[in-house]
Amino acid sequence: MTYKLEISDELKERLDDHLEEDETYEEFIAELVSMYETEGTFLQEGYSE
């Protein structure tokens, strides 16, 4: 089943800054969810506890 998610223009611009070349929003969001499920939290580059 496919769902449509609407995002603000501001969020779209922020996502655009993080997308790799030829990466779709769906692929990027799937990667974020996968990292969250694996780590339990989102990681920041250069950040360690």
# chains A, B, ... in the order shown; residues from 1 in each chain; ligands from 1
>>> select_by_dssp(residues="chain A", states="helix (DSSP H, G or I)", output="MDAnalysis selection string")
chainID A and resid 9:18 25:39
>>> residues_around(residues="Leu5 of chain A", least_positions_apart="3", cutoff="12 Å", atoms="only C-alpha atoms", output="list in words")
Thr2, Ser8, Lys12, Tyr25, Glu26 and Ile29 of chain A
